[in-house]
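Enquirer: Sharing a structure below in C-alpha cells format, with a few things to ask.
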Amino acid sequence: MTGSMDPVAYNRAAWDREVDSGNEWTRPVGPEVIAKARAGEWSVVLIGYEPTPRDWFPADLAGSAILCLASGGGQQGPVLAAAGAIVTVLDNSPKQLERDESVAARDGLLLRTVLGDMRDLSAFGDESFDVVFNPVSNVFCPDLEPVWRECFRVLRPAGALLAGFLNPDLFIFDVEALDERGEFIVRHRIPFSTLDLPEEERQRELWADGPIEYSHTMTGQVGGQLAAGFVLTGFVEAPHHADATAAYMPGYFATRAVKP
C-alpha cells in the first residue's frame with residue numbers, strides 16, 4: 001500500500017474478502033427474523049450487539065424512507081424493510097449488497113441496493129430520506145466531513161441520522177499485544193490509520209487482507225455532525241463486543257442527530 005493507493009477500491013476488495021471468510025457482519029438474518037419484523041417484533045444494531053433505541057426511529061416505520069448507509073450484509077436493511085420501511089442500502093462492497101439482495105429475494109422484500117462510497121450520495125436527490133441509518137462503518141472511510149454533509153443534504157427536515165462509530169481511544173493500543181496477549185500497551189497517537197504502520201507490519205497476517213481503518217476523533221465524529229447542521233438528540237455507548245478493552249472502557253458510541 002502506498003500514499004497513492006485508492007482506499008475505496010482497496011476496502012471494496014477487502015470487504016468482499018470478509019464476506020468470503022464469513023465475517024459476522026456479513027451473515028444475513030434468517031427467515032424467522034424477517035417474519036418477526038413483519039409482525040412488529042424487530043430490532044437492529046448500530047453498535048456491537050446493542051439494539052438501537054426504538055424511539056430513535058419514527059413511531060411507525062410504514063412508508064418511512066430509510067437509507068442504510070454503508071450497511072450491507074443482509075442484516076439491518078432487510079429487517080427494516082420487513083417492518084414496513086422503504087429501504088435503500090448503499091455499501092462499498094458488491095458482495096455485501098448481494099447479501100441484502102438474497103434476503104430480499106428469499107423473503108419477498110422490496111429493497112433497493114446501490115454500490116458506492118459513503119462520502120458521495122449523489123445517486124440521491126436532496127431531502128430523499130426520513131432516516132439515515134449508519135452502523136459502525138466510517139472507521140473504513142478516510143474523512144468524515146463529506147459523509148455528514150451528504151447525510152444532511154439527503155435527509156428531509158426533521159429527518160434523523162443514526163450513526164454508530166468506534167471509540168477513537170481504542171486505537172492507542174498495540175493491537176497485536178492486545179489481541180494475542182491481552183496486554184494494554186499504548187503505542188499510537190490519535191487520529192490513527194493502519195496506513196501509519198510500517199510496511200512490514202502491514203504485511204503481517206493481522207493486517208494483510210483486512211480493510212484499511214481510520215480512528216478519526218470525537219471532534220470529527222460528533223463535532224462534524226454539528227458542523228454539518230445537525231442537532232444532537234441522543235447519545236449512547238457500549239463496550240466493544242470482541243475486545244479486551246470491554247472491561248475498562250466503552251468501545252462504541254452511537255448518536256441520533258436531527259436535521260432542523
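Letters A, B, ... go to the chains of the C-alpha cells in the order shown; residues in each chain start at 1; ligands are counted from 1 in the same order.
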Which residues of segment 14-121 of chain A have any atom within 12 Å of an atom in segment 164-180 of chain A when counting only C-alpha atoms, and what is the closest pair of atoms for each, with the distance in Å to one decimal? Order the rows by chain and rising number and write it as a tab-separated table.

Expert:
```
residue	atom	partner	partner_atom	distance
A:Val44	CA	A:Gly164	CA	11.8
A:Val45	CA	A:Gly164	CA	8.8
A:Leu46	CA	A:Gly164	CA	5.1
A:Ile47	CA	A:Gly164	CA	5.5
A:Gly48	CA	A:Gly164	CA	9.1
A:Tyr49	CA	A:Gly164	CA	11.7
A:Glu50	CA	A:Gly164	CA	10.8
A:Pro51	CA	A:Gly164	CA	11.6
A:Thr52	CA	A:Gly164	CA	9.7
A:Leu69	CA	A:Gly164	CA	10.9
A:Ala70	CA	A:Gly164	CA	11.1
A:Ser71	CA	A:Gly164	CA	10.9
```

Enquirer: Write out as a JSON list (two decimals) with N, CA and C atoms, in the first residue's frame the residues lying within 7 Å of segment 137-154 of chain A, counting only C-alpha atoms and excluding same-chain residues fewer than 6 positions away.

Expert:
```
[["chain", "number", "residue", "atom", "x", "y", "z"],
["A", 70, "ALA", "N", -23.67, 2.43, 4.21],
["A", 70, "ALA", "CA", -22.54, 1.53, 4.48],
["A", 70, "ALA", "C", -23.00, 0.43, 5.42],
["A", 118, "MET", "N", -19.53, 6.06, 0.80],
["A", 118, "MET", "CA", -20.42, 6.74, 1.73],
["A", 118, "MET", "C", -20.22, 8.25, 1.74],
["A", 119, "ARG", "N", -19.13, 8.74, 1.16],
["A", 119, "ARG", "CA", -18.90, 10.18, 1.09],
["A", 119, "ARG", "C", -19.61, 10.83, -0.09],
["A", 120, "ASP", "N", -20.13, 10.02, -1.00],
["A", 120, "ASP", "CA", -20.75, 10.52, -2.23],
["A", 120, "ASP", "C", -22.15, 9.93, -2.38],
["A", 121, "LEU", "N", -23.16, 10.71, -2.03],
["A", 121, "LEU", "CA", -24.55, 10.25, -2.12],
["A", 121, "LEU", "C", -25.26, 10.93, -3.29],
["A", 124, "PHE", "N", -28.65, 10.16, -4.94],
["A", 124, "PHE", "CA", -29.92, 10.51, -4.30],
["A", 124, "PHE", "C", -30.13, 12.01, -4.33],
["A", 125, "GLY", "N", -31.37, 12.40, -4.52],
["A", 125, "GLY", "CA", -31.71, 13.81, -4.54],
["A", 125, "GLY", "C", -31.76, 14.40, -3.15],
["A", 126, "ASP", "N", -31.84, 15.73, -3.10],
["A", 126, "ASP", "CA", -32.00, 16.42, -1.82],
["A", 126, "ASP", "C", -33.28, 15.96, -1.13],
["A", 127, "GLU", "N", -33.23, 15.85, 0.17],
["A", 127, "GLU", "CA", -34.41, 15.54, 1.00],
["A", 127, "GLU", "C", -35.14, 14.29, 0.53],
["A", 128, "SER", "N", -34.36, 13.21, 0.34],
["A", 128, "SER", "CA", -34.92, 11.95, -0.15],
["A", 128, "SER", "C", -35.32, 10.98, 0.95],
["A", 129, "PHE", "N", -34.79, 11.17, 2.17],
["A", 129, "PHE", "CA", -34.96, 10.17, 3.21],
["A", 129, "PHE", "C", -35.45, 10.78, 4.53],
["A", 165, "PHE", "N", -20.19, 4.50, 15.81],
["A", 165, "PHE", "CA", -18.77, 4.59, 15.47],
["A", 165, "PHE", "C", -17.91, 4.10, 16.65],
["A", 211, "PRO", "N", -9.40, -4.61, 5.76],
["A", 211, "PRO", "CA", -9.61, -3.25, 5.27],
["A", 211, "PRO", "C", -8.74, -2.24, 6.01],
["A", 212, "ILE", "N", -8.48, -1.12, 5.36],
["A", 212, "ILE", "CA", -7.78, -0.01, 6.00],
["A", 212, "ILE", "C", -8.73, 0.61, 7.02],
["A", 213, "GLU", "N", -8.21, 0.94, 8.21],
["A", 213, "GLU", "CA", -9.02, 1.54, 9.25],
["A", 213, "GLU", "C", -8.49, 2.93, 9.60],
["A", 214, "TYR", "N", -9.41, 3.80, 9.98],
["A", 214, "TYR", "CA", -9.10, 5.18, 10.37],
["A", 214, "TYR", "C", -9.79, 5.46, 11.70],
["A", 215, "SER", "N", -9.02, 5.92, 12.70],
["A", 215, "SER", "CA", -9.62, 6.12, 14.02],
["A", 215, "SER", "C", -10.56, 7.32, 14.08],
["A", 220, "GLY", "N", -14.19, 15.00, 15.02],
["A", 220, "GLY", "CA", -14.63, 14.65, 13.67],
["A", 220, "GLY", "C", -15.97, 13.93, 13.66],
["A", 224, "GLY", "N", -18.28, 17.02, 13.84],
["A", 224, "GLY", "CA", -18.54, 17.04, 12.40],
["A", 224, "GLY", "C", -20.02, 17.04, 12.08],
["A", 225, "GLN", "N", -20.81, 16.29, 12.85],
["A", 225, "GLN", "CA", -22.26, 16.29, 12.64],
["A", 225, "GLN", "C", -22.85, 17.66, 12.95],
["A", 228, "ALA", "N", -22.10, 20.16, 10.28],
["A", 228, "ALA", "CA", -22.91, 19.94, 9.08],
["A", 228, "ALA", "C", -24.31, 20.52, 9.21],
["A", 259, "LYS", "N", -32.01, 16.80, 11.49],
["A", 259, "LYS", "CA", -31.91, 17.95, 10.60],
["A", 259, "LYS", "C", -33.05, 18.92, 10.93]]
```

Enquirer: With only C-alpha atoms as the basis for distance, which of A:Val114, A:Leu90, A:Val33, A:Leu109 is at the shortest distance from Gln75 of chain A?

Expert: A:Val33

Enquirer: As an mmCIF file with N, CA and C atoms, in the first residue's frame, please: every residue in segment 75-154 of chain A that DSSP puts in strand (DSSP E).

Expert:
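And here is the file that came out, result09.cif:
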```
data_model
loop_
_atom_site.group_PDB
_atom_site.id
_atom_site.type_symbol
_atom_site.label_atom_id
_atom_site.label_comp_id
_atom_site.auth_asym_id
_atom_site.auth_seq_id
_atom_site.Cartn_x
_atom_site.Cartn_y
_atom_site.Cartn_z
ATOM 1 N N ILE A 86 -39.389 1.879 3.579
ATOM 2 C CA ILE A 86 -38.926 1.876 2.186
ATOM 3 C C ILE A 86 -37.409 2.015 2.256
ATOM 4 N N VAL A 87 -36.698 0.926 1.993
ATOM 5 C CA VAL A 87 -35.272 0.844 2.327
ATOM 6 C C VAL A 87 -34.381 0.886 1.094
ATOM 7 N N THR A 88 -33.340 1.695 1.191
ATOM 8 C CA THR A 88 -32.241 1.694 0.228
ATOM 9 C C THR A 88 -30.968 1.381 0.999
ATOM 10 N N VAL A 89 -30.178 0.446 0.496
ATOM 11 C CA VAL A 89 -28.901 0.097 1.127
ATOM 12 C C VAL A 89 -27.775 0.541 0.208
ATOM 13 N N LEU A 90 -26.906 1.413 0.715
ATOM 14 C CA LEU A 90 -25.702 1.798 -0.018
ATOM 15 C C LEU A 90 -24.500 1.189 0.689
ATOM 16 N N ASP A 91 -23.648 0.522 -0.078
ATOM 17 C CA ASP A 91 -22.453 -0.085 0.503
ATOM 18 C C ASP A 91 -21.342 -0.093 -0.543
ATOM 19 N N LEU A 111 -36.547 -3.855 -1.657
ATOM 20 C CA LEU A 111 -35.341 -3.253 -1.114
ATOM 21 C C LEU A 111 -34.415 -2.891 -2.270
ATOM 22 N N ARG A 112 -33.913 -1.675 -2.255
ATOM 23 C CA ARG A 112 -33.016 -1.200 -3.315
ATOM 24 C C ARG A 112 -31.577 -1.226 -2.814
ATOM 25 N N THR A 113 -30.644 -1.656 -3.654
ATOM 26 C CA THR A 113 -29.228 -1.622 -3.294
ATOM 27 C C THR A 113 -28.469 -0.731 -4.265
ATOM 28 N N VAL A 114 -27.489 -0.001 -3.718
ATOM 29 C CA VAL A 114 -26.673 0.917 -4.514
ATOM 30 C C VAL A 114 -25.214 0.730 -4.103
ATOM 31 N N LEU A 115 -24.345 0.508 -5.070
ATOM 32 C CA LEU A 115 -22.912 0.399 -4.810
ATOM 33 C C LEU A 115 -22.304 1.790 -4.795
ATOM 34 N N PHE A 129 -34.788 11.173 2.167
ATOM 35 C CA PHE A 129 -34.956 10.166 3.213
ATOM 36 C C PHE A 129 -35.446 10.775 4.531
ATOM 37 N N ASP A 130 -36.153 9.923 5.296
ATOM 38 C CA ASP A 130 -36.582 10.303 6.639
ATOM 39 C C ASP A 130 -35.546 9.898 7.683
ATOM 40 N N VAL A 131 -34.789 8.848 7.386
ATOM 41 C CA VAL A 131 -33.771 8.343 8.310
ATOM 42 C C VAL A 131 -32.549 7.908 7.516
ATOM 43 N N VAL A 132 -31.370 8.245 8.021
ATOM 44 C CA VAL A 132 -30.128 7.631 7.550
ATOM 45 C C VAL A 132 -29.622 6.769 8.698
ATOM 46 N N PHE A 133 -29.490 5.471 8.438
ATOM 47 C CA PHE A 133 -29.052 4.515 9.450
ATOM 48 C C PHE A 133 -27.641 4.075 9.102
ATOM 49 N N ASN A 134 -26.677 4.483 9.927
ATOM 50 C CA ASN A 134 -25.260 4.277 9.617
ATOM 51 C C ASN A 134 -24.549 3.546 10.762
#
```

Enquirer: Please return as a list in words: the residues of segment 115-152 of chain A that backbone DSSP assigns to alpha helix (DSSP H).

Expert: Glu145, Pro146, Val147, Trp148, Arg149, Glu150, Cys151 and Phe152 of chain A

Enquirer: Hey, can you check how far atom CA of Asp55 of chain A sits from atom CA of Trp42 of chain A?

Expert: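 Separation of atom CA of Asp55 of chain A and atom CA of Trp42 of chain A: 12.8 Å.
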
Enquirer: Just how far from atom CA of Pro260 of chain A is atom CA of Phe230 of chain A, in Å to one decimal?

Expert: 6.9 Å

Enquirer: Need to verify the contact set: Ala14 of chain A, 10 Å, only C-alpha atoms, exclusion of same-chain residues closer than 5 positions in sequence. Can you return it as a list in words?

Expert: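 Selected residues are Val8, Ala9, Val19, Asp20, Ser93, Ala208, Asp209, Gly210, Pro211 and Ile212 of chain A.
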
Enquirer: Given only C-alpha atoms as the basis, pick out the residue of A:Met218, A:Ala85, A:Ala59, A:Val136 nearest to Gly72 of chain A.

Expert: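 Checking each candidate against Gly72 of chain A, we get A:Val136 as the closest.
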
Enquirer: Could you name the residues that touch Val236 of chain A at 7 Å or less, counting only C-alpha atoms, but leaving out those on the same chain fewer than 4 positions away, as a PyMOL selection string?

Expert: chain A and resi 253-255

Enquirer: Could you write out the selected residues, including N, CA and C atoms, as a PDB file, in the first residue's frame?

Expert:
```
ATOM      1  N   PHE A 253     -19.720   4.269  20.341  1.00  0.00           N
ATOM      2  CA  PHE A 253     -20.662   5.348  20.623  1.00  0.00           C
ATOM      3  C   PHE A 253     -21.701   5.370  19.507  1.00  0.00           C
ATOM      4  N   ALA A 254     -22.907   5.797  19.841  1.00  0.00           N
ATOM      5  CA  ALA A 254     -23.949   5.987  18.833  1.00  0.00           C
ATOM      6  C   ALA A 254     -24.635   7.316  19.086  1.00  0.00           C
ATOM      7  N   THR A 255     -24.950   7.999  18.008  1.00  0.00           N
ATOM      8  CA  THR A 255     -25.612   9.296  18.106  1.00  0.00           C
ATOM      9  C   THR A 255     -26.890   9.320  17.296  1.00  0.00           C
TER      10      THR A 255
END
```

Enquirer: Between A:Asp60, A:Ile66, A:Thr26, A:Glu41, which one has atoms that come closest to Ala160 of chain A, using only C-alpha atoms?

Expert: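 Of the candidates, the smallest distance to Ala160 of chain A is held by A:Ile66.
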